[in-house]
Amino acid sequence: MEHLFIINPAAGKYDQTSEFSQKIHRICTKHGLDYRIEISSCPGDCTRIAREAAQTGRELHIYACGGDGTLNEVVCGCAGHLNAAVTHFPGGSGNDFIKVFSDTEAFRDLERLLDYEERFIDLIDCNGHCALNVCSVGLDARIGTQIADYKRLPFVTGPGSYFLSALVNVIRGISEHYVVEINGERIDARQTMICAANGRCYGGSFYAVPDADPCDGLLDVLLVHQVSRLQVARLIKTYQKGLYKTLPHLVRHIRTDHLRITCQSDTAINLDGELQHAKVVDIRLKQNQIRFFYPKGLTI
């Protein structure tokens with residue numbers, strides 16, 4: 001079996017290519033593994049490298065060396081190719097998807113990743129584009145896709161970057177008019193944001209749905225009704241802690257495998273940190289699309 005390490009030099013606050021490479025060479029040589037390292041050169045390159053490797057049909061393990069964006073690109077390249085198993089060898093500032101597991105630090109230990117277990121993971125399909133963790137629309141999408149810009153500022157942490165982005169985007173405007181079709185219901189109203197979660201955490205420290213399970217065949221959807229600027233601060237603080245159930249008058253939780261959102265004009269869509277725009281947002285869950293391996297003994 002081949003072990004393919006895909007390193008993204010743009011992940012995190014600095015280029016970690018040398019650090020990753022040293023660890024990989026040392027551990028893989030020690031264990032006599034068949035391995036190679038590929039380094040991405042531009043956005044989308046991790047997807048290309050992963051897809052080309054998966055399409056060979058060979059049994060292989062692919063390690064996404066970088067942040068959540070790197071992992072998402074690798075996953076998109078491997079989707080549906082079950083000869084390839086994927087994991088995260090983290091080097092980003094958030095590393096949010098692996099927070100569904102009982103221990104995230106274990107993923108930083110390559111020795112532990114070599115002693116592994118596997119599970120099939122579901123994927124989100126939004127207008128034909130895939131995501132592993134979260135798809136959100138509205139204020140949340142604008143906030144989420146601009147977090148990376150603030151993370152690169154000196155002394156700014158993950159939570160700090162979220163709050164900076166939130167402040168800027170609240171000033172720009174809070175709610176939009178959406179028609180949401182979900183589980184046979186049509187909801188025609190102004191909403192602050194809509195979040196469809198496959199994973200549990202994003203934005204560095206925001207546990208939108210802390211009990212979401214990426215293996216259960218369902219999305220956890222939060223519809224956040226129109227709020228005022230005075231209510232936003234409380235909403236964000238509560239949302240960060242995953243306490244949406246304490247705000248039943250503001251947040252509605254629905255579990256589904258499909259929803260469709262129609263907007264009067266192009267709206268912002270956050271697909272695992274990537275910004276898109278569309279008037280119609282079709283979100284579906286695709287079951288068992290990825291073989292995901294992780295250090296033995298961890299739980300979801």
# chains A, B, ... in the order shown; residues from 1 in each chain; ligands from 1
>>> residues_around(residues="Lys30 of chain A", least_positions_apart="4", cutoff="12 Å", atoms="only C-alpha atoms", output="JSON, numbers by chain")
{"A": [23, 24, 25, 26, 34, 35, 110, 111, 114]}
>>> select_by_dssp(residues="segment 18-128 of chain A", states="alpha helix (DSSP H)", output="short mmCIF file (atom, residue, chain, number, x, y, z; two decimals) with all heavy atoms, in the first residue's frame")
data_model
loop_
_atom_site.label_atom_id
_atom_site.label_comp_id
_atom_site.auth_asym_id
_atom_site.auth_seq_id
_atom_site.Cartn_x
_atom_site.Cartn_y
_atom_site.Cartn_z
N SER A 18 8.90 22.11 5.36
CA SER A 18 10.11 21.47 5.87
C SER A 18 9.82 20.63 7.11
O SER A 18 10.32 19.51 7.23
CB SER A 18 11.16 22.54 6.20
OG SER A 18 12.32 21.96 6.74
N GLU A 19 9.00 21.16 8.02
CA GLU A 19 8.67 20.44 9.24
C GLU A 19 7.92 19.15 8.93
O GLU A 19 8.22 18.08 9.48
CB GLU A 19 7.84 21.33 10.16
CG GLU A 19 8.60 22.54 10.68
CD GLU A 19 7.70 23.48 11.47
OE1 GLU A 19 6.69 23.01 12.02
OE2 GLU A 19 8.03 24.68 11.53
N PHE A 20 6.91 19.27 8.06
CA PHE A 20 6.15 18.08 7.67
C PHE A 20 7.08 17.04 7.03
O PHE A 20 7.04 15.85 7.37
CB PHE A 20 5.05 18.44 6.67
CG PHE A 20 3.76 18.89 7.30
CD1 PHE A 20 3.17 20.09 6.92
CD2 PHE A 20 3.10 18.10 8.23
CE1 PHE A 20 1.96 20.50 7.48
CE2 PHE A 20 1.90 18.50 8.79
CZ PHE A 20 1.33 19.70 8.41
N SER A 21 7.90 17.49 6.10
CA SER A 21 8.74 16.57 5.34
C SER A 21 9.71 15.82 6.24
O SER A 21 9.92 14.60 6.08
CB SER A 21 9.52 17.34 4.26
OG SER A 21 8.64 17.93 3.33
N GLN A 22 10.30 16.51 7.19
CA GLN A 22 11.24 15.86 8.10
C GLN A 22 10.56 14.76 8.91
O GLN A 22 11.10 13.65 9.06
CB GLN A 22 11.86 16.90 9.04
CG GLN A 22 12.84 17.84 8.36
CD GLN A 22 13.38 18.91 9.31
OE1 GLN A 22 13.32 18.76 10.53
NE2 GLN A 22 13.88 19.99 8.75
N LYS A 23 9.37 15.04 9.42
CA LYS A 23 8.63 14.04 10.20
C LYS A 23 8.27 12.84 9.32
O LYS A 23 8.41 11.69 9.72
CB LYS A 23 7.34 14.65 10.77
CG LYS A 23 7.54 15.68 11.85
CD LYS A 23 6.20 16.24 12.30
CE LYS A 23 6.36 17.35 13.31
NZ LYS A 23 5.05 17.95 13.70
N ILE A 24 7.79 13.14 8.12
CA ILE A 24 7.35 12.07 7.21
C ILE A 24 8.52 11.16 6.83
O ILE A 24 8.41 9.94 6.90
CB ILE A 24 6.70 12.69 5.95
CG1 ILE A 24 5.39 13.41 6.33
CG2 ILE A 24 6.43 11.60 4.90
CD1 ILE A 24 4.88 14.35 5.25
N HIS A 25 9.64 11.76 6.43
CA HIS A 25 10.80 10.95 6.04
C HIS A 25 11.29 10.09 7.21
O HIS A 25 11.59 8.90 7.03
CB HIS A 25 11.94 11.86 5.56
CG HIS A 25 11.71 12.47 4.21
ND1 HIS A 25 11.38 11.72 3.10
CD2 HIS A 25 11.79 13.77 3.79
CE1 HIS A 25 11.24 12.53 2.05
NE2 HIS A 25 11.49 13.77 2.44
N ARG A 26 11.35 10.67 8.39
CA ARG A 26 11.86 9.94 9.55
C ARG A 26 10.99 8.75 9.90
O ARG A 26 11.48 7.63 10.06
CB ARG A 26 11.98 10.89 10.75
CG ARG A 26 12.46 10.22 12.03
CD ARG A 26 12.75 11.26 13.10
NE ARG A 26 11.63 12.14 13.35
CZ ARG A 26 10.63 11.83 14.18
NH1 ARG A 26 10.61 10.67 14.82
NH2 ARG A 26 9.64 12.69 14.38
N ILE A 27 9.68 8.97 10.00
CA ILE A 27 8.78 7.90 10.45
C ILE A 27 8.57 6.85 9.35
O ILE A 27 8.58 5.65 9.61
CB ILE A 27 7.42 8.49 10.88
CG1 ILE A 27 7.62 9.46 12.05
CG2 ILE A 27 6.46 7.38 11.28
CD1 ILE A 27 8.23 8.86 13.29
N CYS A 28 8.40 7.29 8.12
CA CYS A 28 8.15 6.34 7.04
C CYS A 28 9.38 5.49 6.74
O CYS A 28 9.26 4.29 6.43
CB CYS A 28 7.69 7.07 5.78
SG CYS A 28 6.03 7.78 5.94
N THR A 29 10.55 6.09 6.83
CA THR A 29 11.79 5.32 6.64
C THR A 29 11.95 4.30 7.75
O THR A 29 12.32 3.14 7.51
CB THR A 29 13.01 6.26 6.60
OG1 THR A 29 12.85 7.18 5.52
CG2 THR A 29 14.29 5.46 6.40
N LYS A 30 11.65 4.71 8.96
CA LYS A 30 11.74 3.82 10.11
C LYS A 30 10.88 2.58 9.93
O LYS A 30 11.28 1.46 10.28
CB LYS A 30 11.31 4.58 11.37
CG LYS A 30 11.18 3.73 12.62
CD LYS A 30 10.66 4.57 13.79
CE LYS A 30 10.34 3.71 15.00
NZ LYS A 30 9.79 4.52 16.12
N HIS A 31 9.69 2.75 9.35
CA HIS A 31 8.75 1.64 9.20
C HIS A 31 8.84 0.96 7.82
O HIS A 31 8.08 0.05 7.54
CB HIS A 31 7.33 2.13 9.44
CG HIS A 31 7.06 2.47 10.87
ND1 HIS A 31 6.69 1.54 11.81
CD2 HIS A 31 7.11 3.66 11.53
CE1 HIS A 31 6.51 2.13 12.99
NE2 HIS A 31 6.78 3.42 12.84
N ASP A 45 -5.04 22.49 -6.12
CA ASP A 45 -4.01 21.53 -6.49
C ASP A 45 -4.06 20.27 -5.63
O ASP A 45 -3.77 19.17 -6.11
CB ASP A 45 -2.62 22.17 -6.39
CG ASP A 45 -1.61 21.55 -7.34
OD1 ASP A 45 -2.03 21.01 -8.38
OD2 ASP A 45 -0.40 21.62 -7.05
N CYS A 46 -4.43 20.42 -4.36
CA CYS A 46 -4.57 19.24 -3.50
C CYS A 46 -5.65 18.30 -4.02
O CYS A 46 -5.51 17.07 -3.98
CB CYS A 46 -4.89 19.65 -2.06
SG CYS A 46 -3.61 20.59 -1.23
N THR A 47 -6.73 18.88 -4.52
CA THR A 47 -7.80 18.08 -5.11
C THR A 47 -7.30 17.32 -6.33
O THR A 47 -7.56 16.12 -6.50
CB THR A 47 -8.99 18.98 -5.50
OG1 THR A 47 -9.53 19.57 -4.32
CG2 THR A 47 -10.08 18.16 -6.19
N ARG A 48 -6.57 18.01 -7.19
CA ARG A 48 -6.04 17.36 -8.40
C ARG A 48 -5.11 16.20 -8.05
O ARG A 48 -5.23 15.09 -8.61
CB ARG A 48 -5.27 18.38 -9.25
CG ARG A 48 -4.64 17.78 -10.51
CD ARG A 48 -3.66 18.74 -11.18
NE ARG A 48 -2.54 19.10 -10.33
CZ ARG A 48 -1.48 18.32 -10.12
NH1 ARG A 48 -1.40 17.12 -10.69
NH2 ARG A 48 -0.49 18.73 -9.34
N ILE A 49 -4.19 16.44 -7.13
CA ILE A 49 -3.22 15.41 -6.76
C ILE A 49 -3.93 14.20 -6.17
O ILE A 49 -3.63 13.04 -6.51
CB ILE A 49 -2.20 15.98 -5.74
CG1 ILE A 49 -1.37 17.09 -6.39
CG2 ILE A 49 -1.29 14.87 -5.21
CD1 ILE A 49 -0.55 17.89 -5.39
N ALA A 50 -4.89 14.45 -5.26
CA ALA A 50 -5.63 13.36 -4.62
C ALA A 50 -6.45 12.58 -5.64
O ALA A 50 -6.49 11.35 -5.63
CB ALA A 50 -6.53 13.91 -3.53
N ARG A 51 -7.12 13.30 -6.56
CA ARG A 51 -7.96 12.64 -7.56
C ARG A 51 -7.12 11.76 -8.49
O ARG A 51 -7.48 10.61 -8.78
CB ARG A 51 -8.72 13.68 -8.39
CG ARG A 51 -9.63 13.04 -9.44
CD ARG A 51 -10.37 14.07 -10.25
NE ARG A 51 -11.32 14.82 -9.44
CZ ARG A 51 -11.24 16.13 -9.22
NH1 ARG A 51 -10.24 16.84 -9.76
NH2 ARG A 51 -12.12 16.73 -8.46
N GLU A 52 -6.00 12.29 -8.95
CA GLU A 52 -5.15 11.50 -9.85
C GLU A 52 -4.63 10.24 -9.16
O GLU A 52 -4.56 9.17 -9.78
CB GLU A 52 -3.98 12.36 -10.34
CG GLU A 52 -4.41 13.44 -11.32
CD GLU A 52 -3.25 14.34 -11.76
OE1 GLU A 52 -2.13 14.14 -11.24
OE2 GLU A 52 -3.48 15.22 -12.62
N ALA A 53 -4.31 10.34 -7.89
CA ALA A 53 -3.83 9.17 -7.15
C ALA A 53 -4.96 8.17 -6.95
O ALA A 53 -4.78 6.96 -7.15
CB ALA A 53 -3.26 9.61 -5.80
N ALA A 54 -6.14 8.66 -6.59
CA ALA A 54 -7.28 7.77 -6.33
C ALA A 54 -7.74 7.06 -7.60
O ALA A 54 -8.17 5.91 -7.56
CB ALA A 54 -8.42 8.56 -5.71
N ASP A 68 -7.99 22.85 7.54
CA ASP A 68 -9.28 22.31 7.10
C ASP A 68 -9.48 22.47 5.60
O ASP A 68 -10.10 21.62 4.95
CB ASP A 68 -10.42 23.01 7.85
CG ASP A 68 -10.52 22.53 9.29
OD1 ASP A 68 -10.76 21.33 9.50
OD2 ASP A 68 -10.33 23.35 10.20
N GLY A 69 -8.96 23.55 5.03
CA GLY A 69 -9.08 23.74 3.59
C GLY A 69 -8.33 22.67 2.82
O GLY A 69 -8.80 22.17 1.79
N THR A 70 -7.15 22.30 3.33
CA THR A 70 -6.37 21.24 2.70
C THR A 70 -7.11 19.92 2.77
O THR A 70 -7.21 19.18 1.79
CB THR A 70 -5.01 21.10 3.41
OG1 THR A 70 -4.36 22.37 3.48
CG2 THR A 70 -4.11 20.10 2.69
N LEU A 71 -7.65 19.61 3.95
CA LEU A 71 -8.41 18.37 4.13
C LEU A 71 -9.61 18.34 3.19
O LEU A 71 -9.89 17.32 2.55
CB LEU A 71 -8.87 18.24 5.58
CG LEU A 71 -9.75 17.02 5.89
CD1 LEU A 71 -9.02 15.72 5.61
CD2 LEU A 71 -10.22 17.07 7.35
N ASN A 72 -10.31 19.47 3.08
CA ASN A 72 -11.49 19.51 2.22
C ASN A 72 -11.12 19.27 0.76
O ASN A 72 -11.80 18.55 0.03
CB ASN A 72 -12.22 20.84 2.36
CG ASN A 72 -13.53 20.85 1.60
OD1 ASN A 72 -14.42 20.06 1.87
ND2 ASN A 72 -13.65 21.73 0.63
N GLU A 73 -10.01 19.88 0.31
CA GLU A 73 -9.58 19.67 -1.08
C GLU A 73 -9.25 18.20 -1.33
O GLU A 73 -9.62 17.63 -2.37
CB GLU A 73 -8.37 20.54 -1.40
CG GLU A 73 -8.69 22.00 -1.66
CD GLU A 73 -7.59 22.70 -2.42
OE1 GLU A 73 -6.73 22.02 -3.02
OE2 GLU A 73 -7.59 23.94 -2.45
N VAL A 74 -8.53 17.58 -0.40
CA VAL A 74 -8.15 16.17 -0.57
C VAL A 74 -9.40 15.29 -0.60
O VAL A 74 -9.53 14.39 -1.43
CB VAL A 74 -7.19 15.74 0.55
CG1 VAL A 74 -7.00 14.22 0.55
CG2 VAL A 74 -5.85 16.44 0.39
N VAL A 75 -10.32 15.56 0.31
CA VAL A 75 -11.57 14.79 0.36
C VAL A 75 -12.34 14.92 -0.95
O VAL A 75 -12.86 13.93 -1.48
CB VAL A 75 -12.42 15.25 1.56
CG1 VAL A 75 -13.87 14.82 1.41
CG2 VAL A 75 -11.83 14.70 2.86
N CYS A 76 -12.42 16.14 -1.49
CA CYS A 76 -13.13 16.34 -2.76
C CYS A 76 -12.48 15.54 -3.88
O CYS A 76 -13.18 15.04 -4.77
CB CYS A 76 -13.15 17.82 -3.11
SG CYS A 76 -14.26 18.82 -2.07
N GLY A 77 -11.17 15.40 -3.84
CA GLY A 77 -10.49 14.63 -4.88
C GLY A 77 -10.72 13.13 -4.76
O GLY A 77 -10.66 12.41 -5.76
N CYS A 78 -10.98 12.68 -3.53
CA CYS A 78 -11.12 11.23 -3.29
C CYS A 78 -12.57 10.77 -3.22
O CYS A 78 -12.83 9.56 -3.12
CB CYS A 78 -10.44 10.86 -1.98
SG CYS A 78 -8.66 11.06 -2.01
N LEU A 110 2.35 11.03 13.82
CA LEU A 110 2.30 10.16 12.65
C LEU A 110 2.39 8.69 13.03
O LEU A 110 1.77 7.83 12.37
CB LEU A 110 3.42 10.53 11.67
CG LEU A 110 3.43 9.80 10.33
CD1 LEU A 110 2.07 9.88 9.64
CD2 LEU A 110 4.52 10.38 9.42
N GLU A 111 3.10 8.38 14.09
CA GLU A 111 3.16 6.99 14.56
C GLU A 111 1.76 6.48 14.90
O GLU A 111 1.40 5.34 14.58
CB GLU A 111 4.05 6.88 15.80
CG GLU A 111 5.52 7.15 15.55
CD GLU A 111 6.28 5.89 15.14
OE1 GLU A 111 5.63 4.87 14.84
OE2 GLU A 111 7.52 5.96 15.09
N ARG A 112 0.96 7.32 15.51
CA ARG A 112 -0.41 6.92 15.89
C ARG A 112 -1.32 6.83 14.66
O ARG A 112 -2.21 5.99 14.62
CB ARG A 112 -0.99 7.89 16.91
CG ARG A 112 -0.31 7.82 18.27
CD ARG A 112 -1.15 8.42 19.35
NE ARG A 112 -2.41 7.69 19.52
CZ ARG A 112 -3.36 8.02 20.40
NH1 ARG A 112 -3.18 9.09 21.18
NH2 ARG A 112 -4.48 7.34 20.50
N LEU A 113 -1.08 7.67 13.66
CA LEU A 113 -1.88 7.58 12.44
C LEU A 113 -1.59 6.29 11.67
O LEU A 113 -2.44 5.82 10.91
CB LEU A 113 -1.60 8.78 11.54
CG LEU A 113 -2.34 10.08 11.89
CD1 LEU A 113 -1.85 11.22 11.02
CD2 LEU A 113 -3.84 9.92 11.76
N LEU A 114 -0.41 5.73 11.87
CA LEU A 114 -0.08 4.47 11.21
C LEU A 114 -0.74 3.27 11.90
O LEU A 114 -0.88 2.21 11.30
CB LEU A 114 1.44 4.27 11.17
CG LEU A 114 2.23 5.29 10.35
CD1 LEU A 114 3.72 5.02 10.45
CD2 LEU A 114 1.79 5.28 8.89
#
>>> atom_distance(atom1="atom CA of Leu222 of chain A", atom2="atom CA of Phe101 of chain A")
21.8 Å
>>> select_by_dssp(residues="segment 55-281 of chain A", states="strand (DSSP E)", output="JSON, numbers by chain")
{"A": [60, 61, 62, 63, 64, 65, 66, 84, 85, 86, 87, 88, 89, 90, 116, 117, 118, 119, 120, 121, 122, 123, 124, 125, 126, 129, 130, 131, 134, 135, 136, 137, 138, 176, 177, 178, 179, 180, 181, 182, 185, 186, 187, 188, 189, 190, 191, 192, 193, 194, 195, 196, 197, 219, 220, 221, 222, 223, 224, 225, 251, 252, 253, 254, 255, 256, 258, 259, 260, 261, 262, 263, 264, 265, 266, 267, 268, 269, 270, 271, 274, 275, 276, 277, 278, 279, 280, 281]}
>>> residues_around(residues="Ile187 of chain A", least_positions_apart="6", cutoff="10 Å", atoms="only C-alpha atoms", output="VMD selection string")
chain A and resid 178 to 181 223 261
>>> residues_around(residues="segment 284-293 of chain A", least_positions_apart="3", cutoff="8 Å", atoms="only C-alpha atoms", output="list in words")
Val75, Cys78, Ala79, Gly80, His81, Leu82, Ala84, Ala85, Val86, Thr87, Leu113, Tyr116, Glu117, Glu118, Arg119, Phe120, Ile121, Asp122, Leu123, Ile124, Asp125, Cys126, Cys215, Gly217, Leu218, Leu219, Asp257, His258 and Leu259 of chain A
>>> residues_around(residues="segment 236-248 of chain A", least_positions_apart="5", cutoff="9 Å", atoms="only C-alpha atoms", output="PDB file with all heavy atoms, in the first residue's frame")
ATOM      1  N   PHE A 163     -14.490  36.775  15.829  1.00  0.00           N
ATOM      2  CA  PHE A 163     -15.177  37.958  16.343  1.00  0.00           C
ATOM      3  C   PHE A 163     -14.868  39.202  15.522  1.00  0.00           C
ATOM      4  O   PHE A 163     -15.738  40.062  15.339  1.00  0.00           O
ATOM      5  CB  PHE A 163     -14.818  38.172  17.815  1.00  0.00           C
ATOM      6  CG  PHE A 163     -15.546  37.234  18.738  1.00  0.00           C
ATOM      7  CD1 PHE A 163     -14.872  36.226  19.401  1.00  0.00           C
ATOM      8  CD2 PHE A 163     -16.919  37.343  18.922  1.00  0.00           C
ATOM      9  CE1 PHE A 163     -15.546  35.346  20.244  1.00  0.00           C
ATOM     10  CE2 PHE A 163     -17.597  36.473  19.761  1.00  0.00           C
ATOM     11  CZ  PHE A 163     -16.913  35.465  20.418  1.00  0.00           C
ATOM     12  N   ALA A 166     -17.005  38.811  12.517  1.00  0.00           N
ATOM     13  CA  ALA A 166     -18.404  39.013  12.894  1.00  0.00           C
ATOM     14  C   ALA A 166     -18.726  40.496  13.039  1.00  0.00           C
ATOM     15  O   ALA A 166     -19.767  40.972  12.561  1.00  0.00           O
ATOM     16  CB  ALA A 166     -18.695  38.286  14.204  1.00  0.00           C
ATOM     17  N   ARG A 200     -18.908  19.162  13.729  1.00  0.00           N
ATOM     18  CA  ARG A 200     -19.354  19.845  14.949  1.00  0.00           C
ATOM     19  C   ARG A 200     -18.800  21.244  15.146  1.00  0.00           C
ATOM     20  O   ARG A 200     -19.429  22.072  15.780  1.00  0.00           O
ATOM     21  CB  ARG A 200     -18.948  18.998  16.171  1.00  0.00           C
ATOM     22  CG  ARG A 200     -19.638  17.650  16.205  1.00  0.00           C
ATOM     23  CD  ARG A 200     -19.142  16.777  17.338  1.00  0.00           C
ATOM     24  NE  ARG A 200     -19.748  15.455  17.250  1.00  0.00           N
ATOM     25  CZ  ARG A 200     -19.399  14.412  17.989  1.00  0.00           C
ATOM     26  NH1 ARG A 200     -18.408  14.549  18.869  1.00  0.00           N
ATOM     27  NH2 ARG A 200     -19.993  13.254  17.844  1.00  0.00           N
ATOM     28  N   CYS A 201     -17.609  21.492  14.645  1.00  0.00           N
ATOM     29  CA  CYS A 201     -16.936  22.755  14.964  1.00  0.00           C
ATOM     30  C   CYS A 201     -16.441  23.429  13.697  1.00  0.00           C
ATOM     31  O   CYS A 201     -16.017  22.766  12.745  1.00  0.00           O
ATOM     32  CB  CYS A 201     -15.752  22.468  15.904  1.00  0.00           C
ATOM     33  SG  CYS A 201     -14.813  23.939  16.369  1.00  0.00           S
ATOM     34  N   SER A 205     -13.460  27.727  16.952  1.00  0.00           N
ATOM     35  CA  SER A 205     -13.948  27.345  18.294  1.00  0.00           C
ATOM     36  C   SER A 205     -15.470  27.370  18.403  1.00  0.00           C
ATOM     37  O   SER A 205     -16.003  27.365  19.505  1.00  0.00           O
ATOM     38  CB  SER A 205     -13.357  28.291  19.341  1.00  0.00           C
ATOM     39  OG  SER A 205     -13.845  29.612  19.145  1.00  0.00           O
ATOM     40  N   PHE A 206     -16.156  27.386  17.251  1.00  0.00           N
ATOM     41  CA  PHE A 206     -17.617  27.483  17.285  1.00  0.00           C
ATOM     42  C   PHE A 206     -18.238  26.101  17.079  1.00  0.00           C
ATOM     43  O   PHE A 206     -18.174  25.536  15.992  1.00  0.00           O
ATOM     44  CB  PHE A 206     -18.114  28.484  16.238  1.00  0.00           C
ATOM     45  CG  PHE A 206     -17.950  29.903  16.705  1.00  0.00           C
ATOM     46  CD1 PHE A 206     -16.696  30.471  16.785  1.00  0.00           C
ATOM     47  CD2 PHE A 206     -19.044  30.651  17.103  1.00  0.00           C
ATOM     48  CE1 PHE A 206     -16.526  31.767  17.241  1.00  0.00           C
ATOM     49  CE2 PHE A 206     -18.885  31.950  17.569  1.00  0.00           C
ATOM     50  CZ  PHE A 206     -17.620  32.506  17.632  1.00  0.00           C
ATOM     51  N   TYR A 207     -18.819  25.580  18.158  1.00  0.00           N
ATOM     52  CA  TYR A 207     -19.443  24.262  18.132  1.00  0.00           C
ATOM     53  C   TYR A 207     -20.933  24.429  17.861  1.00  0.00           C
ATOM     54  O   TYR A 207     -21.754  24.387  18.777  1.00  0.00           O
ATOM     55  CB  TYR A 207     -19.201  23.539  19.458  1.00  0.00           C
ATOM     56  CG  TYR A 207     -17.775  23.079  19.621  1.00  0.00           C
ATOM     57  CD1 TYR A 207     -16.786  23.956  20.055  1.00  0.00           C
ATOM     58  CD2 TYR A 207     -17.405  21.777  19.306  1.00  0.00           C
ATOM     59  CE1 TYR A 207     -15.466  23.543  20.182  1.00  0.00           C
ATOM     60  CE2 TYR A 207     -16.090  21.352  19.434  1.00  0.00           C
ATOM     61  CZ  TYR A 207     -15.127  22.241  19.880  1.00  0.00           C
ATOM     62  OH  TYR A 207     -13.815  21.834  20.004  1.00  0.00           O
ATOM     63  N   ALA A 208     -21.269  24.634  16.594  1.00  0.00           N
ATOM     64  CA  ALA A 208     -22.650  24.931  16.224  1.00  0.00           C
ATOM     65  C   ALA A 208     -23.602  23.844  16.702  1.00  0.00           C
ATOM     66  O   ALA A 208     -24.609  24.115  17.359  1.00  0.00           O
ATOM     67  CB  ALA A 208     -22.760  25.112  14.713  1.00  0.00           C
ATOM     68  N   VAL A 209     -23.293  22.589  16.346  1.00  0.00           N
ATOM     69  CA  VAL A 209     -24.116  21.450  16.772  1.00  0.00           C
ATOM     70  C   VAL A 209     -23.157  20.437  17.417  1.00  0.00           C
ATOM     71  O   VAL A 209     -22.586  19.590  16.729  1.00  0.00           O
ATOM     72  CB  VAL A 209     -24.871  20.804  15.606  1.00  0.00           C
ATOM     73  CG1 VAL A 209     -25.829  19.734  16.123  1.00  0.00           C
ATOM     74  CG2 VAL A 209     -25.637  21.856  14.810  1.00  0.00           C
ATOM     75  N   PRO A 210     -22.949  20.497  18.720  1.00  0.00           N
ATOM     76  CA  PRO A 210     -21.892  19.706  19.359  1.00  0.00           C
ATOM     77  C   PRO A 210     -22.102  18.203  19.339  1.00  0.00           C
ATOM     78  O   PRO A 210     -21.173  17.460  19.637  1.00  0.00           O
ATOM     79  CB  PRO A 210     -21.883  20.244  20.801  1.00  0.00           C
ATOM     80  CG  PRO A 210     -23.209  20.878  21.001  1.00  0.00           C
ATOM     81  CD  PRO A 210     -23.624  21.406  19.667  1.00  0.00           C
ATOM     82  N   ASP A 211     -23.304  17.736  18.974  1.00  0.00           N
ATOM     83  CA  ASP A 211     -23.524  16.294  18.902  1.00  0.00           C
ATOM     84  C   ASP A 211     -23.754  15.812  17.465  1.00  0.00           C
ATOM     85  O   ASP A 211     -24.222  14.700  17.235  1.00  0.00           O
ATOM     86  CB  ASP A 211     -24.706  15.875  19.785  1.00  0.00           C
ATOM     87  CG  ASP A 211     -25.982  16.645  19.472  1.00  0.00           C
ATOM     88  OD1 ASP A 211     -25.929  17.571  18.639  1.00  0.00           O
ATOM     89  OD2 ASP A 211     -27.026  16.323  20.064  1.00  0.00           O
ATOM     90  N   LEU A 222     -29.493  24.362  11.306  1.00  0.00           N
ATOM     91  CA  LEU A 222     -29.943  25.410  12.214  1.00  0.00           C
ATOM     92  C   LEU A 222     -30.462  26.582  11.387  1.00  0.00           C
ATOM     93  O   LEU A 222     -29.748  27.132  10.545  1.00  0.00           O
ATOM     94  CB  LEU A 222     -28.795  25.890  13.106  1.00  0.00           C
ATOM     95  CG  LEU A 222     -28.157  24.852  14.035  1.00  0.00           C
ATOM     96  CD1 LEU A 222     -27.056  25.512  14.867  1.00  0.00           C
ATOM     97  CD2 LEU A 222     -29.183  24.195  14.939  1.00  0.00           C
ATOM     98  N   GLN A 231     -29.302  41.859  19.563  1.00  0.00           N
ATOM     99  CA  GLN A 231     -29.380  40.433  19.896  1.00  0.00           C
ATOM    100  C   GLN A 231     -28.196  39.626  19.373  1.00  0.00           C
ATOM    101  O   GLN A 231     -27.952  38.508  19.833  1.00  0.00           O
ATOM    102  CB  GLN A 231     -30.669  39.830  19.307  1.00  0.00           C
ATOM    103  CG  GLN A 231     -31.950  40.326  19.944  1.00  0.00           C
ATOM    104  CD  GLN A 231     -33.171  39.802  19.206  1.00  0.00           C
ATOM    105  OE1 GLN A 231     -33.298  39.965  17.994  1.00  0.00           O
ATOM    106  NE2 GLN A 231     -34.061  39.147  19.937  1.00  0.00           N
ATOM    107  N   HIS A 253     -33.854  23.856  15.052  1.00  0.00           N
ATOM    108  CA  HIS A 253     -32.993  22.745  14.677  1.00  0.00           C
ATOM    109  C   HIS A 253     -33.815  21.693  13.938  1.00  0.00           C
ATOM    110  O   HIS A 253     -34.823  21.220  14.439  1.00  0.00           O
ATOM    111  CB  HIS A 253     -32.365  22.128  15.940  1.00  0.00           C
ATOM    112  CG  HIS A 253     -31.493  20.941  15.666  1.00  0.00           C
ATOM    113  ND1 HIS A 253     -31.339  19.917  16.560  1.00  0.00           N
ATOM    114  CD2 HIS A 253     -30.722  20.615  14.591  1.00  0.00           C
ATOM    115  CE1 HIS A 253     -30.511  19.005  16.065  1.00  0.00           C
ATOM    116  NE2 HIS A 253     -30.117  19.407  14.871  1.00  0.00           N
TER     117      HIS A 253
END
>>> residues_around(residues="Ile98 of chain A", least_positions_apart="6", cutoff="12 Å", atoms="only C-alpha atoms", output="PyMOL selection string")
chain A and resi 64+67-68+71-72+87-90+92+104-108+121+132-133+198-202+204+213-214+292-295+298-300
>>> residues_around(residues="Val280 of chain A", least_positions_apart="6", cutoff="8 Å", atoms="only C-alpha atoms", output="ChimeraX atom specification")
/A:260-263
>>> write_last_selection(atoms="C-alpha atoms", output="short mmCIF file (atom, residue, chain, number, x, y, z; two decimals), in the first residue's frame")
data_model
loop_
_atom_site.label_atom_id
_atom_site.label_comp_id
_atom_site.auth_asym_id
_atom_site.auth_seq_id
_atom_site.Cartn_x
_atom_site.Cartn_y
_atom_site.Cartn_z
CA ARG A 260 -33.19 23.89 -0.84
CA ILE A 261 -32.79 27.62 -0.27
CA THR A 262 -34.02 30.24 -2.75
CA CYS A 263 -32.93 33.88 -2.52
#
>>> atom_distance(atom1="atom CA of Val100 of chain A", atom2="atom CA of Cys135 of chain A")
16.2 Å
>>> closest_residue(among="A:Ile143, A:Val137, A:Ala197, A:Val224", to="Val281 of chain A", atoms="only C-alpha atoms")
A:Val137
